[in-house]
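Shown below: protein-v5.pdb, with PDB, C-alpha atoms, pLDDT in the B column.
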```
ATOM      1  CA  MET A   1     -18.860  13.672   7.703  1.00 53.00           C
ATOM      2  CA  SER A   2     -15.753  14.285   5.641  1.00 81.00           C
ATOM      3  CA  ALA A   3     -12.910  16.359   7.030  1.00 89.00           C
ATOM      4  CA  ALA A   4     -12.321  17.893   3.591  1.00 91.00           C
ATOM      5  CA  PRO A   5     -14.614  20.948   3.965  1.00 93.00           C
ATOM      6  CA  LEU A   6     -13.015  21.836   7.308  1.00 94.00           C
ATOM      7  CA  LEU A   7      -9.516  21.374   5.885  1.00 95.00           C
ATOM      8  CA  LEU A   8     -10.431  23.495   2.883  1.00 95.00           C
ATOM      9  CA  GLU A   9     -11.665  26.327   5.103  1.00 95.00           C
ATOM     10  CA  LEU A  10      -8.502  26.065   7.188  1.00 94.00           C
ATOM     11  CA  LEU A  11      -6.384  26.162   4.034  1.00 94.00           C
ATOM     12  CA  ARG A  12      -8.170  29.314   2.862  1.00 93.00           C
ATOM     13  CA  THR A  13      -7.997  31.214   6.120  1.00 94.00           C
ATOM     14  CA  THR A  14      -4.880  30.328   8.079  1.00 94.00           C
ATOM     15  CA  ASN A  15      -1.757  32.437   8.076  1.00 93.00           C
ATOM     16  CA  ASP A  16       0.216  29.720   9.861  1.00 95.00           C
ATOM     17  CA  VAL A  17       2.549  28.100   7.312  1.00 95.00           C
ATOM     18  CA  THR A  18       2.723  24.793   9.188  1.00 96.00           C
ATOM     19  CA  VAL A  19      -1.059  24.525   9.457  1.00 96.00           C
ATOM     20  CA  ARG A  20      -1.510  25.571   5.814  1.00 96.00           C
ATOM     21  CA  ASN A  21       1.000  22.982   4.630  1.00 96.00           C
ATOM     22  CA  ALA A  22      -0.605  20.220   6.700  1.00 96.00           C
ATOM     23  CA  ALA A  23      -4.067  21.086   5.357  1.00 96.00           C
ATOM     24  CA  ALA A  24      -2.743  21.232   1.786  1.00 96.00           C
ATOM     25  CA  LEU A  25      -1.076  17.827   2.082  1.00 96.00           C
ATOM     26  CA  ALA A  26      -4.179  16.268   3.628  1.00 96.00           C
ATOM     27  CA  LEU A  27      -6.416  17.664   0.874  1.00 95.00           C
ATOM     28  CA  GLY A  28      -3.963  16.448  -1.750  1.00 94.00           C
ATOM     29  CA  ASP A  29      -4.018  12.974  -0.208  1.00 95.00           C
ATOM     30  CA  LEU A  30      -7.820  13.065  -0.235  1.00 93.00           C
ATOM     31  CA  LYS A  31      -7.787  14.323  -3.842  1.00 93.00           C
ATOM     32  CA  HIS A  32     -10.586  16.682  -2.875  1.00 91.00           C
ATOM     33  CA  PRO A  33     -11.385  18.461  -6.202  1.00 93.00           C
ATOM     34  CA  PRO A  34     -12.332  21.873  -4.729  1.00 94.00           C
ATOM     35  CA  ALA A  35      -8.854  22.035  -3.165  1.00 95.00           C
ATOM     36  CA  PHE A  36      -7.217  22.475  -6.577  1.00 97.00           C
ATOM     37  CA  ASP A  37      -8.495  26.019  -7.152  1.00 96.00           C
ATOM     38  CA  VAL A  38      -7.720  27.054  -3.583  1.00 96.00           C
ATOM     39  CA  LEU A  39      -4.177  25.690  -3.887  1.00 96.00           C
ATOM     40  CA  VAL A  40      -3.682  27.530  -7.188  1.00 97.00           C
ATOM     41  CA  ASP A  41      -4.919  30.765  -5.611  1.00 96.00           C
ATOM     42  CA  LEU A  42      -2.526  30.277  -2.702  1.00 96.00           C
ATOM     43  CA  LEU A  43       0.378  29.636  -5.069  1.00 96.00           C
ATOM     44  CA  LYS A  44      -0.297  33.024  -6.635  1.00 94.00           C
ATOM     45  CA  ASP A  45      -0.774  34.763  -3.272  1.00 93.00           C
ATOM     46  CA  GLU A  46       2.204  36.901  -2.250  1.00 91.00           C
ATOM     47  CA  ARG A  47       1.912  35.769   1.375  1.00 88.00           C
ATOM     48  CA  THR A  48       2.987  32.246   0.321  1.00 92.00           C
ATOM     49  CA  HIS A  49       6.028  33.493  -1.610  1.00 90.00           C
ATOM     50  CA  SER A  50       8.509  31.815   0.724  1.00 89.00           C
ATOM     51  CA  SER A  51       6.478  28.649   1.359  1.00 91.00           C
ATOM     52  CA  ARG A  52       5.235  27.324  -1.965  1.00 96.00           C
ATOM     53  CA  GLY A  53       7.124  24.032  -2.199  1.00 95.00           C
ATOM     54  CA  THR A  54       4.654  22.052  -0.109  1.00 96.00           C
ATOM     55  CA  LEU A  55       1.699  23.646  -1.888  1.00 97.00           C
ATOM     56  CA  LEU A  56       3.157  22.522  -5.216  1.00 97.00           C
ATOM     57  CA  TYR A  57       3.696  19.037  -3.846  1.00 97.00           C
ATOM     58  CA  ALA A  58       0.076  18.883  -2.675  1.00 97.00           C
ATOM     59  CA  ILE A  59      -1.266  20.079  -6.013  1.00 97.00           C
ATOM     60  CA  GLY A  60       0.511  17.170  -7.688  1.00 96.00           C
ATOM     61  CA  ALA A  61      -2.451  14.970  -6.756  1.00 93.00           C
ATOM     62  CA  PHE A  62      -4.470  16.801  -9.414  1.00 96.00           C
ATOM     63  CA  ASP A  63      -4.268  17.324 -13.174  1.00 96.00           C
ATOM     64  CA  CYS A  64      -1.988  20.348 -13.513  1.00 97.00           C
ATOM     65  CA  SER A  65      -2.347  20.870 -17.269  1.00 96.00           C
ATOM     66  CA  SER A  66      -4.517  23.955 -16.727  1.00 96.00           C
ATOM     67  CA  ILE A  67      -1.738  25.707 -14.795  1.00 97.00           C
ATOM     68  CA  LEU A  68       1.178  24.913 -17.100  1.00 98.00           C
ATOM     69  CA  SER A  69       2.023  28.609 -17.538  1.00 97.00           C
ATOM     70  CA  THR A  70       2.115  29.091 -13.777  1.00 97.00           C
ATOM     71  CA  LEU A  71       4.362  26.060 -13.372  1.00 98.00           C
ATOM     72  CA  VAL A  72       6.740  27.373 -16.040  1.00 98.00           C
ATOM     73  CA  ASN A  73       6.880  30.693 -14.188  1.00 97.00           C
ATOM     74  CA  PHE A  74       7.841  28.837 -11.011  1.00 97.00           C
ATOM     75  CA  VAL A  75      10.593  26.939 -12.835  1.00 98.00           C
ATOM     76  CA  ILE A  76      11.948  30.241 -14.116  1.00 97.00           C
ATOM     77  CA  ASP A  77      11.526  32.399 -11.005  1.00 95.00           C
ATOM     78  CA  GLY A  78      11.119  30.040  -8.055  1.00 95.00           C
ATOM     79  CA  ASN A  79      13.671  29.125  -5.432  1.00 95.00           C
ATOM     80  CA  PHE A  80      15.424  25.750  -5.632  1.00 95.00           C
ATOM     81  CA  GLU A  81      12.604  23.718  -4.053  1.00 96.00           C
ATOM     82  CA  VAL A  82       9.813  25.490  -5.918  1.00 97.00           C
ATOM     83  CA  SER A  83      11.511  25.325  -9.321  1.00 97.00           C
ATOM     84  CA  ARG A  84      12.247  21.586  -8.970  1.00 97.00           C
ATOM     85  CA  GLN A  85       8.759  20.784  -7.731  1.00 98.00           C
ATOM     86  CA  ALA A  86       7.231  22.762 -10.611  1.00 98.00           C
ATOM     87  CA  PHE A  87       9.495  20.890 -13.041  1.00 98.00           C
ATOM     88  CA  SER A  88       8.304  17.593 -11.594  1.00 97.00           C
ATOM     89  CA  LEU A  89       4.674  18.627 -12.035  1.00 98.00           C
ATOM     90  CA  ILE A  90       5.287  19.665 -15.643  1.00 97.00           C
ATOM     91  CA  GLY A  91       6.834  16.269 -16.312  1.00 95.00           C
ATOM     92  CA  GLY A  92       3.787  14.576 -14.814  1.00 95.00           C
ATOM     93  CA  ILE A  93       1.212  16.270 -17.039  1.00 94.00           C
ATOM     94  CA  GLU A  94      -0.490  13.569 -19.068  1.00 91.00           C
ATOM     95  CA  THR A  95      -3.496  15.379 -20.510  1.00 91.00           C
ATOM     96  CA  GLU A  96      -3.607  17.551 -23.603  1.00 90.00           C
ATOM     97  CA  VAL A  97      -2.548  21.153 -23.238  1.00 91.00           C
ATOM     98  CA  ASN A  98      -3.895  23.906 -25.456  1.00 92.00           C
ATOM     99  CA  GLU A  99      -1.431  24.371 -28.343  1.00 92.00           C
ATOM    100  CA  ARG A 100      -1.241  28.139 -27.867  1.00 95.00           C
ATOM    101  CA  THR A 101      -0.370  27.692 -24.183  1.00 95.00           C
ATOM    102  CA  TRP A 102       2.173  24.985 -25.023  1.00 94.00           C
ATOM    103  CA  ASP A 103       3.863  27.158 -27.645  1.00 95.00           C
ATOM    104  CA  ALA A 104       3.900  30.210 -25.360  1.00 96.00           C
ATOM    105  CA  CYS A 105       5.477  28.199 -22.543  1.00 96.00           C
ATOM    106  CA  THR A 106       8.072  26.698 -24.881  1.00 96.00           C
ATOM    107  CA  SER A 107       8.977  30.159 -26.173  1.00 96.00           C
ATOM    108  CA  ARG A 108       9.183  31.554 -22.657  1.00 97.00           C
ATOM    109  CA  VAL A 109      11.614  28.828 -21.601  1.00 97.00           C
ATOM    110  CA  ARG A 110      13.726  29.281 -24.750  1.00 97.00           C
ATOM    111  CA  ASN A 111      13.893  33.056 -24.288  1.00 97.00           C
ATOM    112  CA  THR A 112      14.709  32.756 -20.604  1.00 97.00           C
ATOM    113  CA  LEU A 113      17.444  30.213 -21.266  1.00 96.00           C
ATOM    114  CA  VAL A 114      19.378  32.849 -23.224  1.00 95.00           C
ATOM    115  CA  VAL A 115      19.533  35.269 -20.287  1.00 96.00           C
ATOM    116  CA  ALA A 116      19.296  32.911 -17.301  1.00 95.00           C
ATOM    117  CA  ALA A 117      21.899  32.645 -14.583  1.00 94.00           C
ATOM    118  CA  ASP A 118      24.295  29.739 -15.041  1.00 96.00           C
ATOM    119  CA  GLU A 119      22.845  27.775 -12.120  1.00 95.00           C
ATOM    120  CA  ARG A 120      19.320  27.972 -13.604  1.00 96.00           C
ATOM    121  CA  ARG A 121      20.238  26.837 -17.129  1.00 97.00           C
ATOM    122  CA  PRO A 122      20.429  23.047 -16.563  1.00 97.00           C
ATOM    123  CA  LEU A 123      16.867  22.965 -15.229  1.00 97.00           C
ATOM    124  CA  LEU A 124      15.607  25.168 -18.061  1.00 97.00           C
ATOM    125  CA  ARG A 125      17.268  22.824 -20.563  1.00 97.00           C
ATOM    126  CA  GLU A 126      15.467  19.898 -18.945  1.00 97.00           C
ATOM    127  CA  VAL A 127      12.129  21.704 -19.201  1.00 97.00           C
ATOM    128  CA  LEU A 128      12.811  22.570 -22.818  1.00 96.00           C
ATOM    129  CA  ALA A 129      13.673  18.923 -23.507  1.00 95.00           C
ATOM    130  CA  LEU A 130      10.300  17.913 -22.038  1.00 93.00           C
ATOM    131  CA  PHE A 131       8.498  20.346 -24.321  1.00 90.00           C
ATOM    132  CA  GLU A 132      10.456  19.287 -27.389  1.00 88.00           C
ATOM    133  CA  GLN A 133       9.971  15.593 -26.605  1.00 85.00           C
ATOM    134  CA  GLU A 134       6.214  16.096 -26.508  1.00 71.00           C
ATOM    135  CA  GLU A 135       6.266  17.938 -29.838  1.00 66.00           C
ATOM    136  CA  GLU A 136       7.710  14.884 -31.613  1.00 62.00           C
TER     137      GLU A 136
END
```
What do you get writing this file as structure tokens?
Amino acid sequence: MSAAPLLLELLRTTNDVTVRNAAALALGDLKHPPAFDVLVDLLKDERTHSSRGTLLYAIGAFDCSSILSTLVNFVIDGNFEVSRQAFSLIGGIETEVNERTWDACTSRVRNTLVVAADERRPLLREVLALFEQEEE
């Protein structure tokens, strides 16, 4: 019997950050496909606001092209760890992304760059460079 279903249930139900992170990492290592949607839901859950870095790391085991907009939001609004981990995931996307989504994300980064705090601008420039590199 695989441990994945038990880990998935634990990931869904626990409020303990340490337990949640351990379950997320284990499911990422196992590349258990149902974990992707649960991890995405947790990333969007307000109760994980201060503990998303490990969840983002764990989700890196999967194709993240479908959550590009979410990753861009984390680059723009996330804390240091979250924004860098989201940037890393964006850079690792190898599959095709819907053109409308791609263009919307590129525009969002460009628009944010104009008003961003000085300490956020270098990372936003790097994200924009990734988008522009892919457009060539």
Next on the checklist: I need the output of the PyMOL selection byres ((chain A and resi 9-16) around 10) for this file as an MDAnalysis selection string; which residues are they?
Outcome noted: chainID A and resid 4:8 17:24 27 35 38:39 41:42 47:48
Checklist entry - Where does the PyMOL selection byres ((chain A and resi 66) around 12) land in this file, that is, which residues does it pick, as an NGL selection string? => result :A and (36-37 or 40 or 59 or 62-65 or 67-72 or 89-90 or 93-98 or 101-102)
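Reported to one decimal place, the separation of CA of Asn73 (chain A) from CA of Val109 (chain A) is 9.0 Å.
With CA of Glu134 (chain A) on one side and CA of Gln85 (chain A) on the other, the separation reads 19.5 Å.
When CA of Leu130 (chain A) is paired with CA of Ser83 (chain A), their separation reads 14.8 Å.
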Checklist entry - Within 9 Å of (10.8, 25.2, -2.9), only C-alpha atoms: residues as JSON, numbers by chain? => result {"A": [50, 51, 52, 53, 54, 56, 78, 79, 80, 81, 82, 83, 84, 85, 86]}
Suppose we keep C-alpha atoms; can you now write the selection as a PDB file, in the frame of the given file?
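Dumped to part.pdb:
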```pdb
ATOM      1  CA  SER A  50       8.509  31.815   0.724  1.00 89.00           C
ATOM      2  CA  SER A  51       6.478  28.649   1.359  1.00 91.00           C
ATOM      3  CA  ARG A  52       5.235  27.324  -1.965  1.00 96.00           C
ATOM      4  CA  GLY A  53       7.124  24.032  -2.199  1.00 95.00           C
ATOM      5  CA  THR A  54       4.654  22.052  -0.109  1.00 96.00           C
ATOM      6  CA  LEU A  56       3.157  22.522  -5.216  1.00 97.00           C
ATOM      7  CA  GLY A  78      11.119  30.040  -8.055  1.00 95.00           C
ATOM      8  CA  ASN A  79      13.671  29.125  -5.432  1.00 95.00           C
ATOM      9  CA  PHE A  80      15.424  25.750  -5.632  1.00 95.00           C
ATOM     10  CA  GLU A  81      12.604  23.718  -4.053  1.00 96.00           C
ATOM     11  CA  VAL A  82       9.813  25.490  -5.918  1.00 97.00           C
ATOM     12  CA  SER A  83      11.511  25.325  -9.321  1.00 97.00           C
ATOM     13  CA  ARG A  84      12.247  21.586  -8.970  1.00 97.00           C
ATOM     14  CA  GLN A  85       8.759  20.784  -7.731  1.00 98.00           C
ATOM     15  CA  ALA A  86       7.231  22.762 -10.611  1.00 98.00           C
TER      16      ALA A  86
END
```
Which centre and which edge lengths, in Å to one decimal, describe the axis-aligned box that holds all listed atoms of region 44-57 of chain A after 4 Å is added on each side, as AutoDock Vina command-line options?
```
--center_x 3.9 --center_y 28.0 --center_z -2.6 --size_x 17.3 --size_y 25.9 --size_z 16.0
```
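Nearest to Phe87 (chain A) of all the residues A:Leu124, A:Ala61, A:Ala117, A:Leu55 is A:Leu124, based on only C-alpha atoms.
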